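**Student:** Below is the file start_18.cif, with mmCIF, C-alpha atoms.
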```cif
data_my_file
loop_
_atom_site.label_atom_id
_atom_site.label_comp_id
_atom_site.auth_asym_id
_atom_site.auth_seq_id
_atom_site.Cartn_x
_atom_site.Cartn_y
_atom_site.Cartn_z
CA MET A 1 -99.29 12.45 40.41
CA TYR A 2 -101.73 10.06 38.74
CA ASP A 3 -101.58 6.64 37.16
CA PHE A 4 -104.28 6.53 34.47
CA ILE A 5 -105.54 2.99 33.88
CA GLY A 6 -107.54 1.86 30.86
CA ASP A 7 -110.46 -0.52 30.35
CA ILE A 8 -110.26 -3.49 32.76
CA HIS A 9 -113.36 -5.46 31.69
CA GLY A 10 -113.26 -7.83 34.65
CA TYR A 11 -109.59 -8.81 34.47
CA ALA A 12 -108.86 -8.41 38.16
CA ASP A 13 -105.65 -10.48 38.18
CA GLU A 14 -104.15 -8.20 35.56
CA LEU A 15 -105.27 -5.15 37.55
CA ARG A 16 -103.57 -6.45 40.70
CA ALA A 17 -100.42 -7.19 38.70
CA LEU A 18 -100.40 -3.72 37.12
CA LEU A 19 -100.91 -1.94 40.43
CA THR A 20 -98.18 -4.02 42.06
CA LEU A 21 -95.81 -3.30 39.18
CA MET A 22 -96.36 0.43 39.77
CA GLY A 23 -95.58 0.18 43.48
CA TYR A 24 -99.08 -0.04 44.95
CA GLN A 25 -99.44 -2.41 47.91
CA ALA A 26 -102.56 -4.02 49.32
CA VAL A 27 -102.99 -2.76 52.90
CA ASP A 28 -106.12 -3.87 54.76
CA GLY A 29 -107.62 -4.94 51.45
CA VAL A 30 -106.97 -1.63 49.68
CA PHE A 31 -104.26 -0.95 47.10
CA ARG A 32 -102.31 2.11 48.20
CA HIS A 33 -99.34 4.14 47.00
CA PRO A 34 -97.41 6.57 49.22
CA GLY A 35 -97.30 9.33 46.63
CA ARG A 36 -99.65 8.58 43.74
CA GLN A 37 -103.32 8.03 42.91
CA ALA A 38 -104.87 5.72 40.33
CA PHE A 39 -107.40 7.12 37.87
CA PHE A 40 -109.65 4.62 36.08
CA THR A 41 -111.12 5.52 32.68
CA GLY A 42 -114.21 3.26 32.93
CA ASP A 43 -115.38 -0.08 31.51
CA PHE A 44 -114.87 -2.22 34.59
CA ILE A 45 -117.44 -4.86 33.66
CA ASP A 46 -118.41 -7.38 30.94
CA ARG A 47 -116.21 -9.95 29.17
CA GLY A 48 -113.63 -10.86 31.85
CA PRO A 49 -113.61 -13.69 34.44
CA LYS A 50 -113.45 -11.62 37.66
CA ILE A 51 -115.87 -8.74 37.36
CA ARG A 52 -116.92 -8.70 41.02
CA GLU A 53 -113.30 -8.62 42.17
CA THR A 54 -112.51 -5.83 39.72
CA LEU A 55 -115.33 -3.68 41.05
CA GLN A 56 -114.31 -4.35 44.63
CA ILE A 57 -110.69 -3.33 43.97
CA VAL A 58 -111.71 -0.15 42.18
CA LYS A 59 -114.37 0.98 44.63
CA SER A 60 -112.26 0.23 47.72
CA MET A 61 -109.50 2.42 46.29
CA ILE A 62 -111.95 5.23 45.53
CA ASP A 63 -113.61 5.01 48.96
CA ASN A 64 -110.21 5.24 50.65
CA GLY A 65 -108.88 8.18 48.62
CA GLN A 66 -106.50 6.07 46.54
CA ALA A 67 -108.26 6.45 43.18
CA LEU A 68 -110.68 8.39 41.03
CA ALA A 69 -112.83 7.03 38.20
CA ILE A 70 -115.19 8.00 35.41
CA MET A 71 -118.00 6.09 33.73
CA GLY A 72 -117.47 3.94 30.64
CA ASN A 73 -120.03 3.03 28.03
CA HIS A 74 -120.37 -0.47 29.56
CA GLU A 75 -121.42 1.02 32.90
CA PHE A 76 -123.83 3.35 31.10
CA ASN A 77 -125.23 0.42 29.14
CA ALA A 78 -125.65 -1.68 32.30
CA ILE A 79 -127.62 1.11 33.96
CA CYS A 80 -129.93 1.46 30.94
CA TYR A 81 -130.25 -2.34 30.72
CA ASN A 82 -131.94 -2.19 34.14
CA ILE A 83 -134.28 0.80 33.70
CA ALA A 84 -137.73 0.01 32.32
CA ASP A 85 -138.75 2.15 29.36
CA GLY A 86 -142.47 2.13 30.22
CA ARG A 87 -143.31 0.25 27.01
CA GLY A 88 -142.57 -3.30 28.13
CA ASP A 89 -138.81 -3.23 27.52
CA PHE A 90 -135.79 -1.38 28.92
CA LEU A 91 -133.85 1.74 27.93
CA ARG A 92 -131.19 -0.63 26.63
CA ARG A 93 -133.32 -3.23 24.95
CA HIS A 94 -132.81 -6.88 25.84
CA THR A 95 -131.94 -7.90 22.31
CA GLU A 96 -129.73 -10.85 21.48
CA LYS A 97 -126.76 -8.55 20.86
CA ASN A 98 -127.22 -6.55 24.07
CA ASN A 99 -127.85 -9.67 26.14
CA ARG A 100 -124.66 -11.21 24.79
CA GLN A 101 -122.57 -8.15 25.61
CA HIS A 102 -123.75 -8.09 29.23
CA ALA A 103 -124.01 -11.88 29.69
CA GLU A 104 -120.75 -12.46 31.56
CA THR A 105 -121.58 -9.82 34.14
CA LEU A 106 -125.05 -11.28 34.67
CA ARG A 107 -123.61 -14.79 34.97
CA GLN A 108 -121.10 -13.79 37.65
CA PHE A 109 -123.82 -12.05 39.67
CA GLU A 110 -126.39 -14.80 39.15
CA SER A 111 -126.38 -15.86 42.80
CA CYS A 112 -126.10 -12.33 44.22
CA ARG A 113 -128.61 -10.15 42.45
CA THR A 114 -128.91 -7.70 45.34
CA GLU A 115 -125.19 -7.00 45.05
CA TYR A 116 -125.55 -6.60 41.28
CA HIS A 117 -128.22 -3.93 41.68
CA ALA A 118 -126.11 -2.14 44.29
CA TRP A 119 -123.32 -1.87 41.72
CA ILE A 120 -125.78 -0.52 39.16
CA GLN A 121 -126.68 2.22 41.65
CA TRP A 122 -122.98 2.94 42.23
CA PHE A 123 -122.41 3.33 38.50
CA LYS A 124 -124.91 6.21 38.59
CA THR A 125 -122.52 8.15 40.84
CA LEU A 126 -119.60 8.01 38.39
CA PRO A 127 -118.86 11.24 36.48
CA MET A 128 -118.76 11.15 32.69
CA ALA A 129 -115.68 13.34 32.45
CA PHE A 130 -113.10 14.98 34.66
CA GLU A 131 -111.05 18.12 34.17
CA ALA A 132 -108.12 19.50 36.15
CA ASP A 133 -105.69 22.31 35.41
CA GLU A 134 -103.12 19.84 34.06
CA PHE A 135 -105.23 17.19 32.30
CA ARG A 136 -108.62 15.90 31.16
CA VAL A 137 -110.16 12.43 31.39
CA VAL A 138 -113.07 10.96 29.42
CA HIS A 139 -113.98 7.48 28.34
CA ALA A 140 -114.06 7.95 24.57
CA CYS A 141 -114.14 11.55 23.27
CA TRP A 142 -113.47 14.99 24.69
CA ASP A 143 -115.66 17.52 22.91
CA ALA A 144 -115.80 20.84 24.75
CA GLY A 145 -119.36 21.51 23.65
CA HIS A 146 -120.52 18.09 24.81
CA ILE A 147 -118.79 18.43 28.18
CA SER A 148 -120.47 21.82 28.70
CA ALA A 149 -123.87 20.33 27.79
CA ILE A 150 -123.40 17.52 30.33
CA ARG A 151 -122.39 19.97 33.04
CA GLU A 152 -125.40 22.15 32.29
CA ALA A 153 -127.78 19.18 32.39
CA LEU A 154 -126.42 18.03 35.73
CA GLN A 155 -127.27 21.39 37.30
CA SER A 156 -130.91 20.29 37.21
CA ASP A 157 -132.36 18.31 40.12
CA ILE A 158 -134.37 16.38 37.54
CA TYR A 159 -131.18 14.83 36.21
CA CYS A 160 -128.90 14.68 39.24
CA GLN A 161 -129.50 14.55 42.98
CA ASN A 162 -126.88 14.02 45.67
CA ASP A 163 -124.24 13.34 43.00
CA THR A 164 -126.32 10.50 41.58
CA LEU A 165 -127.69 10.53 38.05
CA SER A 166 -131.44 9.99 37.90
CA ASP A 167 -133.36 7.47 35.82
CA ARG A 168 -134.84 10.47 34.01
CA PHE A 169 -131.35 11.48 32.89
CA PHE A 170 -130.76 8.04 31.37
CA ALA A 171 -134.20 8.06 29.71
CA ILE A 172 -133.42 11.36 27.98
CA ALA A 173 -129.86 10.28 27.14
CA SER A 174 -131.23 7.09 25.53
CA ASP A 175 -133.79 8.89 23.35
CA LYS A 176 -132.39 9.40 19.83
CA TYR A 177 -134.69 12.39 19.35
CA GLU A 178 -133.19 14.30 22.31
CA PRO A 179 -130.08 16.51 21.89
CA LEU A 180 -128.51 14.90 24.95
CA TYR A 181 -128.48 11.53 23.19
CA ARG A 182 -125.74 12.50 20.74
CA VAL A 183 -123.79 14.27 23.49
CA ILE A 184 -123.63 11.14 25.67
CA GLU A 185 -123.23 8.77 22.72
CA GLU A 186 -120.13 10.55 21.45
CA THR A 187 -118.66 11.22 24.91
CA LEU A 188 -118.84 7.54 25.90
CA LYS A 189 -118.48 5.83 22.51
CA GLY A 190 -116.72 8.29 20.22
CA LYS A 191 -117.56 10.33 17.15
CA GLU A 192 -118.74 8.52 14.04
CA LEU A 193 -118.90 9.36 10.35
CA ARG A 194 -121.26 7.51 8.04
CA LEU A 195 -119.66 5.70 5.11
CA PRO A 196 -120.80 6.33 1.54
CA GLU A 197 -123.94 4.49 0.49
CA GLY A 198 -123.43 0.73 0.19
CA ARG A 199 -120.09 0.61 2.08
CA PHE A 200 -119.59 -1.20 5.39
CA PHE A 201 -117.01 -3.11 7.40
CA THR A 202 -117.14 -5.76 10.13
CA ASP A 203 -116.15 -4.79 13.67
CA LYS A 204 -114.38 -6.81 16.40
CA ASP A 205 -117.68 -8.42 17.47
CA GLY A 206 -118.67 -9.45 13.94
CA GLN A 207 -121.21 -6.65 13.54
CA ALA A 208 -121.60 -4.92 10.17
CA ARG A 209 -120.82 -1.23 10.62
CA ARG A 210 -121.78 1.56 8.24
CA GLU A 211 -120.12 4.27 10.30
CA ILE A 212 -116.49 4.60 11.32
CA ARG A 213 -115.14 5.88 14.62
CA VAL A 214 -113.06 8.91 13.75
CA ARG A 215 -109.90 10.39 15.23
CA TRP A 216 -111.49 13.34 16.97
CA TRP A 217 -108.05 14.79 17.74
CA GLN A 218 -107.33 15.28 14.01
CA ASN A 219 -108.64 17.99 11.73
CA PRO A 220 -111.20 16.06 9.63
CA LEU A 221 -111.07 18.41 6.67
CA GLY A 222 -108.94 17.13 3.82
CA GLN A 223 -108.43 13.71 5.43
CA ALA A 224 -108.53 10.38 3.65
CA TRP A 225 -111.06 7.85 4.93
CA LYS A 226 -108.27 5.45 5.85
CA ASP A 227 -106.43 8.13 7.86
CA LEU A 228 -109.45 9.52 9.69
CA GLY A 229 -110.76 6.18 10.99
CA ILE A 230 -109.58 5.00 14.40
CA HIS A 231 -108.66 1.61 12.97
CA PHE A 232 -107.60 0.79 9.45
CA ASP A 233 -109.91 -1.52 7.52
CA PRO A 234 -109.48 -2.49 3.86
CA ALA A 235 -113.20 -1.96 3.30
CA LEU A 236 -112.84 1.77 3.90
CA PRO A 237 -113.19 3.84 0.74
CA GLU A 238 -110.25 5.25 -1.14
CA GLY A 239 -109.90 9.00 -1.44
CA LEU A 240 -110.77 11.96 0.74
CA VAL A 241 -113.79 12.35 2.98
CA ASP A 242 -116.42 14.58 1.42
CA ALA A 243 -116.50 17.76 3.52
CA GLU A 244 -120.31 17.75 3.34
CA LEU A 245 -120.37 14.54 5.42
CA ILE A 246 -118.52 16.16 8.32
CA LYS A 247 -120.94 17.37 11.00
CA SER A 248 -118.37 19.55 12.69
CA PRO A 249 -114.84 20.48 11.58
CA ASP A 250 -113.78 21.03 15.19
CA TYR A 251 -111.17 18.74 16.76
CA TYR A 252 -108.96 18.43 19.85
CA ARG A 253 -106.11 20.84 19.23
CA GLU A 254 -102.39 20.31 19.76
CA THR A 255 -102.36 23.21 22.25
CA GLU A 256 -104.96 21.63 24.58
CA ARG A 257 -103.96 20.08 27.91
CA PRO A 258 -103.26 16.30 27.88
CA VAL A 259 -106.36 14.12 27.57
CA PHE A 260 -106.58 10.49 28.71
CA PHE A 261 -109.21 7.98 27.57
CA GLY A 262 -109.86 4.30 26.82
CA HIS A 263 -112.51 2.52 24.73
CA TYR A 264 -110.84 1.96 21.36
CA TRP A 265 -109.30 -1.53 21.54
CA TYR A 266 -105.84 -0.65 20.31
CA LYS A 267 -103.30 -3.46 19.93
CA GLY A 268 -99.55 -3.88 20.19
CA GLU A 269 -97.07 -1.67 22.02
CA PRO A 270 -98.72 1.25 23.88
CA ALA A 271 -97.93 4.53 22.15
CA LEU A 272 -99.20 8.08 22.27
CA LEU A 273 -101.58 9.16 19.53
CA ARG A 274 -100.10 12.64 19.83
CA GLY A 275 -98.07 14.51 22.43
CA ASN A 276 -101.24 15.46 24.33
CA VAL A 277 -103.51 12.55 23.35
CA CYS A 278 -103.29 9.23 25.23
CA CYS A 279 -105.48 6.16 24.73
CA LEU A 280 -105.15 3.49 27.43
CA ASP A 281 -107.29 0.66 26.03
CA TYR A 282 -105.01 -2.04 24.63
CA SER A 283 -107.52 -4.89 24.43
CA VAL A 284 -106.88 -6.87 27.60
CA ALA A 285 -110.25 -8.56 26.99
CA LYS A 286 -109.04 -9.70 23.57
CA GLY A 287 -105.71 -11.12 24.70
CA GLY A 288 -103.85 -7.80 24.73
CA HIS A 289 -102.50 -5.74 27.64
CA LEU A 290 -103.84 -3.80 30.58
CA VAL A 291 -102.16 -0.41 30.31
CA ALA A 292 -101.42 2.57 32.54
CA TYR A 293 -99.80 5.94 31.94
CA ARG A 294 -97.79 7.44 34.82
CA PHE A 295 -98.51 11.17 34.69
CA ASN A 296 -96.31 13.67 36.53
CA GLY A 297 -97.84 16.92 35.32
CA GLU A 298 -95.93 17.14 32.04
CA LYS A 299 -97.50 19.15 29.22
CA GLN A 300 -95.96 16.93 26.56
CA LEU A 301 -96.56 13.26 27.28
CA SER A 302 -93.90 10.58 26.78
CA ASN A 303 -94.08 6.99 25.57
CA ASN A 304 -91.60 6.16 28.33
CA ASN A 305 -94.36 6.61 30.91
CA PHE A 306 -96.51 3.68 29.78
CA VAL A 307 -96.68 0.58 31.97
CA ALA A 308 -98.38 -2.60 30.77
CA VAL A 309 -99.06 -6.17 31.83
CA ALA A 310 -99.95 -8.94 29.40
CA ARG A 311 -103.20 -10.80 29.94
CA LEU A 312 -102.80 -13.53 32.54
CA SER A 313 -106.33 -15.00 32.66
CA ARG A 314 -107.94 -17.18 30.04
#
```
Could you spell out this file's structure in structure tokens?

**Tutor:**
Amino acid sequence: MYDFIGDIHGYADELRALLTLMGYQAVDGVFRHPGRQAFFTGDFIDRGPKIRETLQIVKSMIDNGQALAIMGNHEFNAICYNIADGRGDFLRRHTEKNNRQHAETLRQFESCRTEYHAWIQWFKTLPMAFEADEFRVVHACWDAGHISAIREALQSDIYCQNDTLSDRFFAIASDKYEPLYRVIEETLKGKELRLPEGRFFTDKDGQARREIRVRWWQNPLGQAWKDLGIHFDPALPEGLVDAELIKSPDYYRETERPVFFGHYWYKGEPALLRGNVCCLDYSVAKGGHLVAYRFNGEKQLSNNNFVAVARLSR
């Protein structure tokens, strides 16, 4: 029995409160439950006030058999932020935007850089997806083809040794001209569809976006722009999406096993996106809630199994 927990982003007080609410108790510095395991969907760092404490809680639970975890795009970004690209910059360039996104993590590790780099190495050991007979877990998008491509890549010693992803893997995954780039991009950040020429909208960070994140669990054919996008925005075009713009008509079917993920900054009361599709990111870093789903092996998920705590920290 698992308790899936969404994006924490350094809000350790909320994490402690959520675990306590679900019956976990801190024993010898480790949160434990007599009959359940936590499962974290990534994005432990950036934004929040207690990033170090968050990482310590999560890793201590994993090391003591009380939790599992996968990588989020913020962990992937942090790794690439620290790998030189051989051309005088880094795989994740140190631009104003990228520096700003990672700034709070860097600030909190300012006096303990050795510890910071140890966490970067630990991030390289996190899987990008997880699959069991009863469920699947990914940070942003489960695409069977992408998951197979990742598994195949990790069979190579060039990309993975001793369950640790190599710098070469991240170099290839950061190269827009490599097939693996799109695979990792969509797995950790979601599928996108480019808007018609001249159309854009502004995202949560004030960035102009010319692509929309799409609901990869819906059949994209015959969908209206405003129904296919993850979040509604008045700047989205009226009418149906042109079928020629859709790279792949495949989607996560209703008959698939339950899939759990985070990433998408939903707001309000936690609710299933479909009976087998569960997003756990409810914007704790933007004043929302830290959310968990208590899974007991059911094939059809229930809104009654959500647990949430409101943000406590400023």

**Student:** Using only C-alpha atoms, which residues sit within 12 Å of Asp233 in chain A once same-chain residues fewer than 3 positions away are excluded, as a list in words?

**Tutor:**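 Using only C-alpha atoms, the neighbours found are Arg199, Phe200, Phe201, Thr202, Asp203, Lys204, Arg209, Ile212, Arg213, Trp225, Lys226, Asp227, Leu228, Gly229, Ile230, Leu236, Pro237 and Glu238 of chain A.
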
**Student:** Write out as a PyMOL selection string which residues come within 7 Å of range 16-22 of chain A when counting only C-alpha atoms, dropping same-chain ones fewer than 3 positions away.

**Tutor:** chain A and resi 12-13+25+308-309

**Student:** Name the residues that the PyMOL selection byres ((chain A and resi 250) around 10) pulls out of this structure, and write them as a list in words.

**Tutor:**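 With the PyMOL selection byres ((chain A and resi 250) around 10) on this model, the match is Asp143, Ala144, Trp216, Trp217, Gln218, Asn219, Pro220, Leu221, Ile246, Lys247, Ser248, Pro249, Tyr251, Tyr252 and Arg253 of chain A.
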
**Student:** For the contact check between range 75-146 of chain A and range 259-278 of chain A, emit one row per residue of range 75-146 of chain A within 7 Å, containing the shortest atom pair and the distance in Å rounded to one decimal, counting all atoms listed in the file, chain then rising number order, as CSV.

**Tutor:**
```
residue,atom,partner,partner_atom,distance
A:Phe135,CA,A:Val259,CA,5.8
A:Arg136,CA,A:Val259,CA,4.6
A:Val137,CA,A:Phe260,CA,4.9
A:Val138,CA,A:Phe261,CA,5.2
A:His139,CA,A:Phe261,CA,4.9
A:Ala140,CA,A:His263,CA,5.6
```

**Student:** Report, in Å with one decimal, the straight-line distance from CA of Tyr2 in chain A to CA of Phe39 in chain A.

**Tutor:**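 Pair CA of Tyr2 in chain A / CA of Phe39 in chain A returns 6.4 Å.
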
**Student:** I want to know what sits within 9 Å of Met128 in chain A, based on only C-alpha atoms, with residues of the same chain fewer than 2 positions away left out; could you give that as an mmCIF file with C-alpha atoms, in the coordinates of the input?

**Tutor:**
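Produced file around39.cif, reproduced below:
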```cif
data_model
loop_
_atom_site.group_PDB
_atom_site.id
_atom_site.type_symbol
_atom_site.label_atom_id
_atom_site.label_comp_id
_atom_site.auth_asym_id
_atom_site.auth_seq_id
_atom_site.Cartn_x
_atom_site.Cartn_y
_atom_site.Cartn_z
ATOM 1 C CA ILE A 70 -115.190 8.000 35.410
ATOM 2 C CA MET A 71 -118.000 6.090 33.730
ATOM 3 C CA GLY A 72 -117.470 3.940 30.640
ATOM 4 C CA LEU A 126 -119.600 8.010 38.390
ATOM 5 C CA PHE A 130 -113.100 14.980 34.660
ATOM 6 C CA VAL A 137 -110.160 12.430 31.390
ATOM 7 C CA VAL A 138 -113.070 10.960 29.420
ATOM 8 C CA HIS A 139 -113.980 7.480 28.340
ATOM 9 C CA ILE A 147 -118.790 18.430 28.180
ATOM 10 C CA ILE A 150 -123.400 17.520 30.330
ATOM 11 C CA ILE A 184 -123.630 11.140 25.670
ATOM 12 C CA THR A 187 -118.660 11.220 24.910
ATOM 13 C CA LEU A 188 -118.840 7.540 25.900
#
```

**Student:** Under the PyMOL selection byres ((chain A and resi 101) around 10), which residues of this model are included? Write them out as a VMD selection string.

**Tutor:** chain A and resid 46 to 47 74 77 to 78 95 to 100 102 to 106 205

**Student:** Using all atoms listed in the file, what does the table of range 48-118 of chain A residues within 10 Å of range 154-167 of chain A look like, with each row giving the shortest atom pair and its distance in Å to one decimal, sorted by chain and ascending number, as a tab-separated table?

**Tutor:**
```
residue	atom	partner	partner_atom	distance
A:Ile79	CA	A:Asp167	CA	8.8
A:Cys80	CA	A:Asp167	CA	8.5
A:Asn82	CA	A:Asp167	CA	9.9
A:Ile83	CA	A:Asp167	CA	7.1
A:Ala84	CA	A:Asp167	CA	9.3
A:Asp85	CA	A:Asp167	CA	10.0
A:Leu91	CA	A:Asp167	CA	9.8
```

**Student:** Which of these, A:Gly190, A:Ile8, A:Trp119, A:His94, has the shortest distance to Lys59 in chain A once you count all atoms listed in the file?

**Tutor:**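 So, comparing all the options, the nearest one is A:Trp119.
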
**Student:** Determine, counting only C-alpha atoms, which protein, DNA and RNA residues have an atom within 9 Å of an atom of Met1 in chain A; residues of the same chain fewer than 2 positions away are not included. Present the result as a ChimeraX atom specification.

**Tutor:** /A:3,35-38,294-297

**Student:** Could you tell me which residues the PyMOL selection byres ((chain A and resi 44) around 6) grabs in this file, written as a ChimeraX atom specification?

**Tutor:** /A:8-10,42-43,45

**Student:** For the atom pair CA of Asp7 in chain A and CA of Glu75 in chain A, what is the interatomic distance in Å to one decimal place?

**Tutor:**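 Computed distance, CA of Asp7 in chain A to CA of Glu75 in chain A, equals 11.4 Å.
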
**Student:** Using CA of Gly6 in chain A and CA of Ala292 in chain A as the two end points, give the distance in Å to one decimal.

**Tutor:**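 Those two atoms sit 6.4 Å apart.
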
**Student:** In terms of the shortest atom-to-atom distance over all atoms listed in the file, which of A:Ala118, A:Ala173, A:Ala310, A:Ala26 is closest to Val291 in chain A?

**Tutor:** A:Ala310

**Student:** Which one of A:Gly29, A:Pro34, A:Pro49, A:Pro179 sits closest to Arg311 in chain A if you count all atoms listed in the file?

**Tutor:**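 Checking each candidate against Arg311 in chain A, we get A:Pro49 as the closest.
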
**Student:** Asp63 in chain A: which residues within 12 Å, counting only C-alpha atoms, same-chain residues fewer than 3 positions away excluded, as a PyMOL selection string?

**Tutor:** chain A and resi 29-32+55-60+66-69+122

**Student:** Write to file, as a CSV table (one decimal), in the coordinates of the input, the residues of the selection just made, with C-alpha atoms.

**Tutor:**
```
chain,number,residue,atom,x,y,z
A,29,GLY,CA,-107.6,-4.9,51.4
A,30,VAL,CA,-107.0,-1.6,49.7
A,31,PHE,CA,-104.3,-1.0,47.1
A,32,ARG,CA,-102.3,2.1,48.2
A,55,LEU,CA,-115.3,-3.7,41.0
A,56,GLN,CA,-114.3,-4.4,44.6
A,57,ILE,CA,-110.7,-3.3,44.0
A,58,VAL,CA,-111.7,-0.2,42.2
A,59,LYS,CA,-114.4,1.0,44.6
A,60,SER,CA,-112.3,0.2,47.7
A,66,GLN,CA,-106.5,6.1,46.5
A,67,ALA,CA,-108.3,6.4,43.2
A,68,LEU,CA,-110.7,8.4,41.0
A,69,ALA,CA,-112.8,7.0,38.2
A,122,TRP,CA,-123.0,2.9,42.2
```
